[in-house]
$ cat start.cif   # mmCIF, C-alpha atoms and all ligand atoms
data_structure
loop_
_atom_site.group_PDB
_atom_site.id
_atom_site.type_symbol
_atom_site.label_atom_id
_atom_site.label_comp_id
_atom_site.auth_asym_id
_atom_site.auth_seq_id
_atom_site.Cartn_x
_atom_site.Cartn_y
_atom_site.Cartn_z
ATOM 1 C CA MET B 13 8.689 -0.759 20.671
ATOM 2 C CA LEU B 14 7.248 -3.761 18.944
ATOM 3 C CA THR B 15 9.926 -4.946 16.624
ATOM 4 C CA ASN B 16 13.176 -3.185 16.445
ATOM 5 C CA GLU B 17 14.746 -0.543 18.658
ATOM 6 C CA GLN B 18 15.287 1.806 15.715
ATOM 7 C CA ILE B 19 11.611 1.965 14.795
ATOM 8 C CA PRO B 20 9.544 4.163 17.116
ATOM 9 C CA ILE B 21 5.955 2.925 17.092
ATOM 10 C CA LEU B 22 3.155 5.245 18.151
ATOM 11 C CA GLU B 23 -0.051 3.401 18.955
ATOM 12 C CA PHE B 24 -3.445 5.046 19.245
ATOM 13 C CA GLU B 25 -6.812 3.585 20.016
ATOM 14 C CA THR B 26 -8.623 6.006 17.695
ATOM 15 C CA LEU B 27 -7.359 8.521 15.138
ATOM 16 C CA ASP B 28 -9.117 10.266 12.297
ATOM 17 C CA SER B 29 -6.445 8.831 10.015
ATOM 18 C CA THR B 30 -2.923 7.580 10.710
ATOM 19 C CA ASN B 31 -1.802 9.331 7.489
ATOM 20 C CA THR B 32 -3.324 12.647 8.575
ATOM 21 C CA TYR B 33 -1.570 12.307 11.943
ATOM 22 C CA GLY B 34 1.741 11.582 10.190
ATOM 23 C CA LEU B 35 1.390 14.600 7.906
ATOM 24 C CA LYS B 36 0.274 17.000 10.671
ATOM 25 C CA ASN B 37 3.192 15.989 12.876
ATOM 26 C CA PHE B 38 5.689 15.234 10.123
ATOM 27 C CA GLU B 39 8.417 17.657 11.188
ATOM 28 C CA GLY B 40 8.334 16.567 14.821
ATOM 29 C CA LEU B 41 8.382 12.845 14.104
ATOM 30 C CA ALA B 42 11.630 10.956 13.610
ATOM 31 C CA ASP B 43 12.404 9.317 10.292
ATOM 32 C CA LYS B 44 10.975 5.749 10.219
ATOM 33 C CA THR B 45 8.285 6.395 12.834
ATOM 34 C CA ALA B 46 5.341 4.010 12.593
ATOM 35 C CA VAL B 47 1.892 5.350 13.533
ATOM 36 C CA THR B 48 -0.896 2.830 14.138
ATOM 37 C CA ALA B 49 -4.473 2.939 15.352
ATOM 38 C CA LEU B 50 -7.065 0.336 16.261
ATOM 39 C CA GLU B 51 -9.704 2.415 14.540
ATOM 40 C CA GLN B 52 -9.845 5.384 12.148
ATOM 41 C CA THR B 53 -12.831 7.706 12.048
ATOM 42 C CA ASN B 54 -11.828 9.197 8.693
ATOM 43 C CA GLY B 55 -9.661 6.597 6.955
ATOM 44 C CA LYS B 56 -8.605 7.898 3.543
ATOM 45 C CA GLY B 57 -8.111 6.272 0.164
ATOM 46 C CA ARG B 58 -6.750 8.007 -2.932
ATOM 47 C CA PHE B 59 -8.707 10.721 -4.722
ATOM 48 C CA ASP B 60 -10.737 11.617 -1.581
ATOM 49 C CA ARG B 61 -12.138 8.127 -1.241
ATOM 50 C CA LYS B 62 -12.842 6.461 2.088
ATOM 51 C CA TRP B 63 -11.033 3.529 3.635
ATOM 52 C CA VAL B 64 -13.445 1.477 5.756
ATOM 53 C CA SER B 65 -11.670 1.390 9.110
ATOM 54 C CA GLY B 66 -13.743 -0.079 11.951
ATOM 55 C CA ASN B 67 -12.245 -1.490 15.118
ATOM 56 C CA PHE B 68 -11.998 -5.165 14.203
ATOM 57 C CA GLU B 69 -8.297 -5.908 14.795
ATOM 58 C CA ASN B 70 -7.206 -4.765 11.346
ATOM 59 C CA ILE B 71 -4.070 -2.902 10.296
ATOM 60 C CA TYR B 72 -4.115 0.884 9.946
ATOM 61 C CA LEU B 73 -0.489 1.877 9.729
ATOM 62 C CA SER B 74 1.465 4.871 8.442
ATOM 63 C CA LEU B 75 5.229 5.068 8.117
ATOM 64 C CA VAL B 76 6.894 8.476 8.252
ATOM 65 C CA LEU B 77 9.839 8.277 5.857
ATOM 66 C CA LYS B 78 12.467 10.932 5.235
ATOM 67 C CA PRO B 79 15.191 9.311 3.116
ATOM 68 C CA GLU B 80 18.127 11.438 1.935
ATOM 69 C CA LYS B 81 17.721 10.145 -1.615
ATOM 70 C CA LYS B 82 14.262 11.059 -2.828
ATOM 71 C CA ASP B 83 14.250 9.101 -6.100
ATOM 72 C CA CYS B 84 12.986 5.984 -4.354
ATOM 73 C CA LEU B 85 9.820 7.680 -3.088
ATOM 74 C CA LYS B 86 7.900 6.830 -6.249
ATOM 75 C CA ASN B 87 8.532 3.117 -5.681
ATOM 76 C CA LEU B 88 7.627 2.876 -1.994
ATOM 77 C CA THR B 89 3.978 2.018 -2.657
ATOM 78 C CA GLN B 90 5.058 -0.904 -4.839
ATOM 79 C CA TYR B 91 7.617 -1.955 -2.280
ATOM 80 C CA LEU B 92 5.022 -1.984 0.511
ATOM 81 C CA CYS B 93 2.637 -3.965 -1.760
ATOM 82 C CA THR B 94 5.382 -6.553 -2.204
ATOM 83 C CA VAL B 95 6.181 -6.782 1.507
ATOM 84 C CA THR B 96 2.475 -7.038 2.375
ATOM 85 C CA ALA B 97 1.902 -9.808 -0.174
ATOM 86 C CA ASN B 98 4.853 -11.653 1.304
ATOM 87 C CA VAL B 99 3.505 -11.366 4.857
ATOM 88 C CA ILE B 100 0.037 -12.547 3.728
ATOM 89 C CA GLU B 101 1.683 -15.543 2.052
ATOM 90 C CA SER B 102 3.325 -16.467 5.364
ATOM 91 C CA TYR B 103 -0.252 -17.378 6.457
ATOM 92 C CA GLY B 104 -0.505 -19.848 3.553
ATOM 93 C CA ILE B 105 -2.669 -17.541 1.425
ATOM 94 C CA GLU B 106 -1.746 -16.576 -2.137
ATOM 95 C CA ALA B 107 -1.613 -12.813 -2.732
ATOM 96 C CA GLU B 108 -1.617 -10.851 -5.967
ATOM 97 C CA ILE B 109 -0.483 -7.280 -6.630
ATOM 98 C CA LYS B 110 -2.662 -4.917 -8.630
ATOM 99 C CA TYR B 111 -0.953 -1.830 -10.021
ATOM 100 C CA PRO B 112 -0.492 0.696 -8.582
ATOM 101 C CA ASN B 113 -1.475 0.275 -4.916
ATOM 102 C CA ASP B 114 -3.566 -2.811 -4.120
ATOM 103 C CA VAL B 115 -2.993 -6.281 -2.757
ATOM 104 C CA LEU B 116 -5.639 -8.845 -3.678
ATOM 105 C CA VAL B 117 -6.616 -12.261 -2.355
ATOM 106 C CA ASP B 118 -8.874 -14.358 -4.611
ATOM 107 C CA GLY B 119 -9.145 -11.314 -6.894
ATOM 108 C CA LYS B 120 -10.552 -9.159 -4.074
ATOM 109 C CA LYS B 121 -8.882 -6.204 -2.367
ATOM 110 C CA ILE B 122 -7.406 -7.055 1.022
ATOM 111 C CA ALA B 123 -5.000 -4.114 1.358
ATOM 112 C CA GLY B 124 -4.687 -0.607 -0.058
ATOM 113 C CA ILE B 125 -1.824 1.867 0.153
ATOM 114 C CA LEU B 126 -1.880 5.650 0.230
ATOM 115 C CA CYS B 127 1.445 7.473 -0.135
ATOM 116 C CA GLU B 128 1.281 11.208 0.630
ATOM 117 C CA SER B 129 4.157 13.659 0.245
ATOM 118 C CA PHE B 130 5.151 16.280 2.793
ATOM 119 C CA LEU B 131 6.325 19.484 1.101
ATOM 120 C CA LYS B 132 8.092 22.511 2.563
ATOM 121 C CA LYS B 133 8.391 25.556 0.314
ATOM 122 C CA ASN B 134 7.420 23.249 -2.531
ATOM 123 C CA VAL B 135 10.321 20.907 -1.818
ATOM 124 C CA ILE B 136 9.513 17.327 -0.924
ATOM 125 C CA GLN B 137 10.781 16.397 2.536
ATOM 126 C CA GLY B 138 9.524 12.831 2.575
ATOM 127 C CA VAL B 139 6.330 10.803 2.616
ATOM 128 C CA VAL B 140 3.743 9.290 4.873
ATOM 129 C CA LEU B 141 3.204 5.793 3.532
ATOM 130 C CA GLY B 142 -0.092 4.445 4.816
ATOM 131 C CA ILE B 143 -1.573 0.988 4.547
ATOM 132 C CA GLY B 144 -4.837 -0.621 5.565
ATOM 133 C CA VAL B 145 -5.029 -4.425 5.679
ATOM 134 C CA ASN B 146 -8.219 -6.326 6.450
ATOM 135 C CA LEU B 147 -7.183 -8.927 8.981
ATOM 136 C CA ASN B 148 -10.403 -9.709 10.839
ATOM 137 C CA MET B 149 -13.094 -7.842 8.965
ATOM 138 C CA PRO B 150 -16.608 -9.286 9.433
ATOM 139 C CA LEU B 151 -18.313 -10.439 6.236
ATOM 140 C CA ASP B 152 -21.193 -7.948 6.502
ATOM 141 C CA VAL B 153 -18.724 -5.038 6.735
ATOM 142 C CA LEU B 154 -16.788 -6.349 3.724
ATOM 143 C CA ASP B 155 -20.036 -6.635 1.784
ATOM 144 C CA SER B 156 -20.921 -3.025 2.622
ATOM 145 C CA ILE B 157 -17.764 -1.708 0.882
ATOM 146 C CA GLY B 158 -19.377 -1.914 -2.544
ATOM 147 C CA GLN B 159 -16.258 -3.288 -4.250
ATOM 148 C CA PRO B 160 -14.966 -6.864 -3.971
ATOM 149 C CA ALA B 161 -13.041 -6.981 -0.681
ATOM 150 C CA ALA B 162 -11.273 -9.773 1.218
ATOM 151 C CA SER B 163 -10.110 -10.316 4.779
ATOM 152 C CA LEU B 164 -7.294 -12.593 5.897
ATOM 153 C CA ASN B 165 -9.324 -14.307 8.650
ATOM 154 C CA LEU B 166 -11.944 -15.438 6.126
ATOM 155 C CA ALA B 167 -9.311 -16.640 3.653
ATOM 156 C CA ALA B 168 -7.313 -18.457 6.337
ATOM 157 C CA GLY B 169 -10.329 -19.745 8.310
ATOM 158 C CA LYS B 170 -9.027 -18.404 11.625
ATOM 159 C CA ASN B 171 -8.651 -15.148 13.534
ATOM 160 C CA ILE B 172 -5.448 -13.298 12.758
ATOM 161 C CA HIS B 173 -3.298 -11.949 15.558
ATOM 162 C CA ARG B 174 -2.986 -8.224 14.851
ATOM 163 C CA TYR B 175 0.329 -7.632 16.630
ATOM 164 C CA GLU B 176 1.936 -10.618 14.990
ATOM 165 C CA PHE B 177 0.974 -9.343 11.534
ATOM 166 C CA LEU B 178 1.939 -5.746 12.363
ATOM 167 C CA ASN B 179 5.333 -6.839 13.663
ATOM 168 C CA LYS B 180 6.042 -8.925 10.594
ATOM 169 C CA LEU B 181 4.984 -6.106 8.276
ATOM 170 C CA ILE B 182 7.139 -3.438 9.936
ATOM 171 C CA TYR B 183 10.076 -5.788 10.341
ATOM 172 C CA GLU B 184 10.002 -6.975 6.712
ATOM 173 C CA PHE B 185 9.547 -3.449 5.388
ATOM 174 C CA PHE B 186 12.662 -2.154 7.104
ATOM 175 C CA LEU B 187 14.684 -5.294 6.367
ATOM 176 C CA ASN B 188 15.331 -4.168 2.770
ATOM 177 C CA TYR B 189 14.269 -0.519 2.986
ATOM 178 C CA ASP B 190 17.807 0.906 2.773
ATOM 179 C CA LYS B 191 18.439 -1.165 -0.343
ATOM 180 C CA VAL B 192 15.228 0.195 -1.906
ATOM 181 C CA VAL B 193 16.260 3.773 -1.039
ATOM 182 C CA ASP B 194 19.580 3.111 -2.729
ATOM 183 C CA LYS B 195 18.536 1.120 -5.804
ATOM 184 C CA GLY B 196 14.822 1.856 -6.308
ATOM 185 C CA PHE B 197 12.605 -0.631 -8.130
ATOM 186 C CA SER B 198 15.445 -2.981 -9.092
ATOM 187 C CA ALA B 199 15.949 -3.821 -5.384
ATOM 188 C CA PHE B 200 12.657 -5.757 -5.291
ATOM 189 C CA ARG B 201 11.668 -6.139 -8.958
ATOM 190 C CA ASP B 202 11.603 -9.956 -9.056
ATOM 191 C CA GLU B 203 9.617 -10.235 -5.820
ATOM 192 C CA TYR B 204 7.119 -7.720 -7.206
ATOM 193 C CA LEU B 205 6.772 -9.253 -10.672
ATOM 194 C CA LYS B 206 6.132 -12.758 -9.420
ATOM 195 C CA ARG B 207 2.896 -11.477 -7.815
ATOM 196 C CA VAL B 208 1.692 -9.486 -10.830
ATOM 197 C CA LYS B 209 -0.864 -11.443 -12.863
ATOM 198 C CA PHE B 210 -2.236 -8.859 -15.302
ATOM 199 C CA LEU B 211 0.662 -8.544 -17.780
ATOM 200 C CA GLY B 212 -0.247 -9.682 -21.294
ATOM 201 C CA LYS B 213 -3.952 -9.178 -20.590
ATOM 202 C CA THR B 214 -6.420 -6.528 -21.669
ATOM 203 C CA VAL B 215 -7.004 -4.160 -18.766
ATOM 204 C CA GLY B 216 -9.252 -1.184 -18.224
ATOM 205 C CA ILE B 217 -7.790 2.021 -16.808
ATOM 206 C CA ARG B 218 -9.836 4.768 -15.253
ATOM 207 C CA GLN B 219 -7.925 7.959 -14.469
ATOM 208 C CA ARG B 220 -10.455 9.196 -11.926
ATOM 209 C CA ASP B 221 -13.883 8.303 -10.516
ATOM 210 C CA GLY B 222 -16.597 8.748 -13.121
ATOM 211 C CA ALA B 223 -14.125 9.013 -16.010
ATOM 212 C CA GLN B 224 -14.528 6.697 -18.953
ATOM 213 C CA LYS B 225 -12.641 3.403 -18.752
ATOM 214 C CA GLU B 226 -9.969 3.054 -21.431
ATOM 215 C CA GLU B 227 -8.858 -0.380 -22.610
ATOM 216 C CA TYR B 228 -5.258 -1.337 -23.209
ATOM 217 C CA GLN B 229 -3.056 -4.362 -23.388
ATOM 218 C CA ALA B 230 -0.779 -4.472 -20.341
ATOM 219 C CA LEU B 231 2.708 -5.018 -21.757
ATOM 220 C CA ARG B 232 5.310 -4.801 -19.014
ATOM 221 C CA ILE B 233 6.534 -3.062 -15.898
ATOM 222 C CA ASP B 234 9.506 -0.960 -16.967
ATOM 223 C CA SER B 235 12.844 -0.615 -15.171
ATOM 224 C CA SER B 236 11.561 2.233 -12.991
ATOM 225 C CA GLY B 237 8.428 0.299 -11.949
ATOM 226 C CA CYS B 238 5.901 1.971 -14.276
ATOM 227 C CA LEU B 239 3.242 0.076 -16.177
ATOM 228 C CA VAL B 240 3.614 0.227 -19.967
ATOM 229 C CA VAL B 241 0.513 -0.538 -22.040
ATOM 230 C CA LYS B 242 -0.314 -0.793 -25.737
ATOM 231 C CA THR B 243 -3.143 1.369 -27.047
ATOM 232 C CA THR B 244 -5.631 0.139 -29.665
ATOM 233 C CA ASP B 245 -3.636 1.910 -32.384
ATOM 234 C CA GLY B 246 -0.474 0.062 -31.369
ATOM 235 C CA ALA B 247 1.344 2.906 -29.583
ATOM 236 C CA GLU B 248 2.978 2.389 -26.186
ATOM 237 C CA LYS B 249 1.940 4.489 -23.234
ATOM 238 C CA THR B 250 3.227 4.661 -19.663
ATOM 239 C CA ILE B 251 0.620 4.670 -16.914
ATOM 240 C CA PHE B 252 1.596 6.540 -13.744
ATOM 241 C CA SER B 253 -1.664 6.590 -11.777
ATOM 242 C CA GLY B 254 -5.378 5.818 -11.899
ATOM 243 C CA ASP B 255 -7.256 2.590 -11.290
ATOM 244 C CA LEU B 256 -6.661 -0.654 -13.098
ATOM 245 C CA ILE B 257 -9.788 -2.667 -13.785
ATOM 246 C CA LEU B 258 -9.004 -6.350 -14.226
HETATM 247 C C1 LIG T 301 -6.516 2.893 -1.188
HETATM 248 O O1 LIG T 301 -7.160 3.878 -1.895
HETATM 249 O O2 LIG T 301 -6.609 1.707 -1.388
HETATM 250 C C2 LIG T 301 -5.649 3.435 -0.063
HETATM 251 C C3 LIG T 301 -6.102 2.979 1.283
HETATM 252 C C4 LIG T 301 -5.152 3.419 2.369
HETATM 253 C C5 LIG T 301 -5.694 3.172 3.730
HETATM 254 C C6 LIG T 301 -4.674 3.421 4.803
HETATM 255 S S1 LIG T 301 -5.255 2.955 6.374
HETATM 256 C C7 LIG T 301 -3.913 3.729 7.139
HETATM 257 C C8 LIG T 301 -3.684 5.034 6.383
HETATM 258 N N1 LIG T 301 -4.507 6.087 6.923
HETATM 259 C C9 LIG T 301 -5.434 6.477 6.039
HETATM 260 O O3 LIG T 301 -6.293 7.358 6.260
HETATM 261 N N2 LIG T 301 -5.293 5.810 4.888
HETATM 262 C C10 LIG T 301 -4.202 4.876 4.956
HETATM 263 P P1 LIG T 301 -7.972 3.606 -3.252
HETATM 264 O O4 LIG T 301 -7.131 2.871 -4.232
HETATM 265 O O5 LIG T 301 -8.504 4.935 -3.631
HETATM 266 O O6 LIG T 301 -9.136 2.639 -2.813
HETATM 267 C C11 LIG T 301 -10.233 3.094 -2.067
HETATM 268 C C12 LIG T 301 -11.399 2.170 -2.419
HETATM 269 O O7 LIG T 301 -11.164 0.869 -1.824
HETATM 270 C C13 LIG T 301 -12.710 2.637 -1.841
HETATM 271 O O8 LIG T 301 -13.351 3.547 -2.710
HETATM 272 C C14 LIG T 301 -13.488 1.312 -1.712
HETATM 273 O O9 LIG T 301 -14.034 0.917 -2.958
HETATM 274 C C15 LIG T 301 -12.393 0.308 -1.374
HETATM 275 N N3 LIG T 301 -12.273 0.097 0.089
HETATM 276 C C16 LIG T 301 -12.530 0.961 1.098
HETATM 277 N N4 LIG T 301 -12.274 0.398 2.283
HETATM 278 C C17 LIG T 301 -11.861 -0.858 2.026
HETATM 279 C C18 LIG T 301 -11.444 -1.932 2.852
HETATM 280 N N5 LIG T 301 -11.374 -1.854 4.174
HETATM 281 N N6 LIG T 301 -11.093 -3.099 2.217
HETATM 282 C C19 LIG T 301 -11.117 -3.233 0.877
HETATM 283 N N7 LIG T 301 -11.506 -2.239 0.045
HETATM 284 C C20 LIG T 301 -11.846 -1.058 0.622
#

$ encode --input "start.cif" --output "structure tokens" --more "lines below"
Ligand code: BT5
Amino acid sequence: MLTNEQIPILEFETLDSTNTYGLKNFEGLADKTAVTALEQTNGKGRFDRKWVSGNFENIYLSLVLKPEKKDCLKNLTQYLCTVTANVIESYGIEAEIKYPNDVLVDGKKIAGILCESFLKKNVIQGVVLGIGVNLNMPLDVLDSIGQPAASLNLAAGKNIHRYEFLNKLIYEFFLNYDKVVDKGFSAFRDEYLKRVKFLGKTVGIRQRDGAQKEEYQALRIDSSGCLVVKTTDGAEKTIFSGDLIL
């Protein structure tokens, strides 16, 4: 137990992926179990992408969540983005949220979130909410990612204590989790919006790798947490997934 007696924390040295472990063992794991590893051999992003996951004292964490009310599930990625940005800021570093699942520092990705559902007979039982945060990633590894990437140690100019960060993240997540289950996006809307910098701007959206980028004006985040954009012919459109290109 690292933080709180109600949160079982399973720690592994190496896993293929903390999310895969959470999904494979979903039914046997208690609600609110945290699964962490020092290293992942097959860290996953969305759409079959890879998450670079070497053993450099980073965060690879998955939370197994089985709330009674399932409406909130669609907002848990945004909630974890908000909590993560807040924890990063406790190190004196400004963090920005990029819809739908990234946290950025200096415009570069420092954390990514992958939320996967567990279904039984086509009925959703809950999710495995996984996050990777670069805490102590060496510069050459960051450069090898191929997309702009950041690490907290480089931004803060010092090594980051992994357990301290992990504890803060898990603690802060569960501090308001019940409220989020109950009220959804409105439970953390203001905290989320103050870290969103792309509203009012022209953004590109790519629905999947290799697809053409479409340009829109980002208008607002609606009451359920979805991004609403304006198309070139003036119509409004709600964006549920894909990649935002700032
Ligand atoms: C994500 O996907 O950002 C979700 C990442 C989730 C990782 C966690 S780690 C714990 C848990 N277990 C798992 O197996 N996964 C979760 P997406 O939005 O598709 O972004 C993936 C893209 O981010 C890649 O194609 C790279 O361009 C970039 N990327 C990969 N590794 C990175 C890293 N360490 N830091 C920054 N960017 C990275």

$ closest_residue --input "start.cif" --among "B:Tyr33, B:Tyr183, B:Tyr175, B:Phe24" --to "ligand LIG 301 (chain T)" --atoms "only C-alpha atoms and all ligand atoms"
B:Tyr33

$ resolve_selection --input "start.cif" --expression "the PyMOL selection byres (((chain B and resi 158) around 12) and not hetatm)" --output "list in words"
Lys62, Trp63, Val64, Lys120, Lys121, Asp152, Val153, Leu154, Asp155, Ser156, Ile157, Gln159, Pro160, Ala161 and Ala162 of chain B

$ write_last_selection --input "start.cif" --atoms "C-alpha atoms" --output "PDB file, in the frame of the given file"
ATOM      1  CA  LYS B  62     -12.842   6.461   2.088  1.00  0.00           C
ATOM      2  CA  TRP B  63     -11.033   3.529   3.635  1.00  0.00           C
ATOM      3  CA  VAL B  64     -13.445   1.477   5.756  1.00  0.00           C
ATOM      4  CA  LYS B 120     -10.552  -9.159  -4.074  1.00  0.00           C
ATOM      5  CA  LYS B 121      -8.882  -6.204  -2.367  1.00  0.00           C
ATOM      6  CA  ASP B 152     -21.193  -7.948   6.502  1.00  0.00           C
ATOM      7  CA  VAL B 153     -18.724  -5.038   6.735  1.00  0.00           C
ATOM      8  CA  LEU B 154     -16.788  -6.349   3.724  1.00  0.00           C
ATOM      9  CA  ASP B 155     -20.036  -6.635   1.784  1.00  0.00           C
ATOM     10  CA  SER B 156     -20.921  -3.025   2.622  1.00  0.00           C
ATOM     11  CA  ILE B 157     -17.764  -1.708   0.882  1.00  0.00           C
ATOM     12  CA  GLN B 159     -16.258  -3.288  -4.250  1.00  0.00           C
ATOM     13  CA  PRO B 160     -14.966  -6.864  -3.971  1.00  0.00           C
ATOM     14  CA  ALA B 161     -13.041  -6.981  -0.681  1.00  0.00           C
ATOM     15  CA  ALA B 162     -11.273  -9.773   1.218  1.00  0.00           C
TER      16      ALA B 162
END

$ closest_residue --input "start.cif" --among "B:Ala168, B:Leu75, B:Ile257, B:Ala42" --to "B:Thr214" --atoms "all atoms listed in the file"
B:Ile257

$ resolve_selection --input "start.cif" --expression "the PyMOL selection byres (((not hetatm)) within 6 of (chain T and resi 301))" --output "PyMOL selection string"
chain B and resi 29-31+55-59+61-65+72-74+121-122+124-126+142-144+146+157+159+161

$ write_last_selection --input "start.cif" --atoms "C-alpha atoms" --output "PDB file, in the frame of the given file"
ATOM      1  CA  SER B  29      -6.445   8.831  10.015  1.00  0.00           C
ATOM      2  CA  THR B  30      -2.923   7.580  10.710  1.00  0.00           C
ATOM      3  CA  ASN B  31      -1.802   9.331   7.489  1.00  0.00           C
ATOM      4  CA  GLY B  55      -9.661   6.597   6.955  1.00  0.00           C
ATOM      5  CA  LYS B  56      -8.605   7.898   3.543  1.00  0.00           C
ATOM      6  CA  GLY B  57      -8.111   6.272   0.164  1.00  0.00           C
ATOM      7  CA  ARG B  58      -6.750   8.007  -2.932  1.00  0.00           C
ATOM      8  CA  PHE B  59      -8.707  10.721  -4.722  1.00  0.00           C
ATOM      9  CA  ARG B  61     -12.138   8.127  -1.241  1.00  0.00           C
ATOM     10  CA  LYS B  62     -12.842   6.461   2.088  1.00  0.00           C
ATOM     11  CA  TRP B  63     -11.033   3.529   3.635  1.00  0.00           C
ATOM     12  CA  VAL B  64     -13.445   1.477   5.756  1.00  0.00           C
ATOM     13  CA  SER B  65     -11.670   1.390   9.110  1.00  0.00           C
ATOM     14  CA  TYR B  72      -4.115   0.884   9.946  1.00  0.00           C
ATOM     15  CA  LEU B  73      -0.489   1.877   9.729  1.00  0.00           C
ATOM     16  CA  SER B  74       1.465   4.871   8.442  1.00  0.00           C
ATOM     17  CA  LYS B 121      -8.882  -6.204  -2.367  1.00  0.00           C
ATOM     18  CA  ILE B 122      -7.406  -7.055   1.022  1.00  0.00           C
ATOM     19  CA  GLY B 124      -4.687  -0.607  -0.058  1.00  0.00           C
ATOM     20  CA  ILE B 125      -1.824   1.867   0.153  1.00  0.00           C
ATOM     21  CA  LEU B 126      -1.880   5.650   0.230  1.00  0.00           C
ATOM     22  CA  GLY B 142      -0.092   4.445   4.816  1.00  0.00           C
ATOM     23  CA  ILE B 143      -1.573   0.988   4.547  1.00  0.00           C
ATOM     24  CA  GLY B 144      -4.837  -0.621   5.565  1.00  0.00           C
ATOM     25  CA  ASN B 146      -8.219  -6.326   6.450  1.00  0.00           C
ATOM     26  CA  ILE B 157     -17.764  -1.708   0.882  1.00  0.00           C
ATOM     27  CA  GLN B 159     -16.258  -3.288  -4.250  1.00  0.00           C
ATOM     28  CA  ALA B 161     -13.041  -6.981  -0.681  1.00  0.00           C
TER      29      ALA B 161
END

$ residues_near_point --input "start.cif" --point "(8.6, 11.8, 5.1)" --cutoff "7 Å" --atoms "all atoms listed in the file" --output "MDAnalysis selection string"
chainID B and resid 38 43 76:78 129:130 137:140

$ resolve_selection --input "start.cif" --expression "the PyMOL selection byres (((chain B and resi 235-241) around 10) and not hetatm)" --output "PyMOL selection string"
chain B and resi 84+86-87+90-91+111-112+196-198+200-201+204-205+211-215+227-234+242-244+246-253

$ write_last_selection --input "start.cif" --atoms "C-alpha atoms" --output "PDB file, keeping the file's coordinate frame"
ATOM      1  CA  CYS B  84      12.986   5.984  -4.354  1.00  0.00           C
ATOM      2  CA  LYS B  86       7.900   6.830  -6.249  1.00  0.00           C
ATOM      3  CA  ASN B  87       8.532   3.117  -5.681  1.00  0.00           C
ATOM      4  CA  GLN B  90       5.058  -0.904  -4.839  1.00  0.00           C
ATOM      5  CA  TYR B  91       7.617  -1.955  -2.280  1.00  0.00           C
ATOM      6  CA  TYR B 111      -0.953  -1.830 -10.021  1.00  0.00           C
ATOM      7  CA  PRO B 112      -0.492   0.696  -8.582  1.00  0.00           C
ATOM      8  CA  GLY B 196      14.822   1.856  -6.308  1.00  0.00           C
ATOM      9  CA  PHE B 197      12.605  -0.631  -8.130  1.00  0.00           C
ATOM     10  CA  SER B 198      15.445  -2.981  -9.092  1.00  0.00           C
ATOM     11  CA  PHE B 200      12.657  -5.757  -5.291  1.00  0.00           C
ATOM     12  CA  ARG B 201      11.668  -6.139  -8.958  1.00  0.00           C
ATOM     13  CA  TYR B 204       7.119  -7.720  -7.206  1.00  0.00           C
ATOM     14  CA  LEU B 205       6.772  -9.253 -10.672  1.00  0.00           C
ATOM     15  CA  LEU B 211       0.662  -8.544 -17.780  1.00  0.00           C
ATOM     16  CA  GLY B 212      -0.247  -9.682 -21.294  1.00  0.00           C
ATOM     17  CA  LYS B 213      -3.952  -9.178 -20.590  1.00  0.00           C
ATOM     18  CA  THR B 214      -6.420  -6.528 -21.669  1.00  0.00           C
ATOM     19  CA  VAL B 215      -7.004  -4.160 -18.766  1.00  0.00           C
ATOM     20  CA  GLU B 227      -8.858  -0.380 -22.610  1.00  0.00           C
ATOM     21  CA  TYR B 228      -5.258  -1.337 -23.209  1.00  0.00           C
ATOM     22  CA  GLN B 229      -3.056  -4.362 -23.388  1.00  0.00           C
ATOM     23  CA  ALA B 230      -0.779  -4.472 -20.341  1.00  0.00           C
ATOM     24  CA  LEU B 231       2.708  -5.018 -21.757  1.00  0.00           C
ATOM     25  CA  ARG B 232       5.310  -4.801 -19.014  1.00  0.00           C
ATOM     26  CA  ILE B 233       6.534  -3.062 -15.898  1.00  0.00           C
ATOM     27  CA  ASP B 234       9.506  -0.960 -16.967  1.00  0.00           C
ATOM     28  CA  LYS B 242      -0.314  -0.793 -25.737  1.00  0.00           C
ATOM     29  CA  THR B 243      -3.143   1.369 -27.047  1.00  0.00           C
ATOM     30  CA  THR B 244      -5.631   0.139 -29.665  1.00  0.00           C
ATOM     31  CA  GLY B 246      -0.474   0.062 -31.369  1.00  0.00           C
ATOM     32  CA  ALA B 247       1.344   2.906 -29.583  1.00  0.00           C
ATOM     33  CA  GLU B 248       2.978   2.389 -26.186  1.00  0.00           C
ATOM     34  CA  LYS B 249       1.940   4.489 -23.234  1.00  0.00           C
ATOM     35  CA  THR B 250       3.227   4.661 -19.663  1.00  0.00           C
ATOM     36  CA  ILE B 251       0.620   4.670 -16.914  1.00  0.00           C
ATOM     37  CA  PHE B 252       1.596   6.540 -13.744  1.00  0.00           C
ATOM     38  CA  SER B 253      -1.664   6.590 -11.777  1.00  0.00           C
TER      39      SER B 253
END

$ closest_residue --input "start.cif" --among "B:Gly34, B:Glu80, B:Tyr103, B:Val115" --to "B:Lys170" --atoms "all atoms listed in the file"
B:Tyr103

$ atom_distance --input "start.cif" --atom1 "atom CA of B:Val47" --atom2 "atom CA of B:Val192"
21.0 Å

$ atom_distance --input "start.cif" --atom1 "atom CA of B:Gly254" --atom2 "atom CA of B:Glu51"
27.0 Å

$ closest_residue --input "start.cif" --among "B:Ile136, B:Cys93, B:Ala46, B:Leu27" --to "B:Val208" --atoms "all atoms listed in the file"
B:Cys93

$ axis_aligned_box --input "start.cif" --around "stretch 154-161 of chain B" --padding-each-side "4 Å" --output "JSON"
{"center_x": -17.0, "center_y": -4.3, "center_z": -0.3, "size_x": 15.9, "size_y": 13.3, "size_z": 16.0}

$ atom_distance --input "start.cif" --atom1 "atom CA of B:Ile109" --atom2 "atom CA of B:Thr94"
7.4 Å
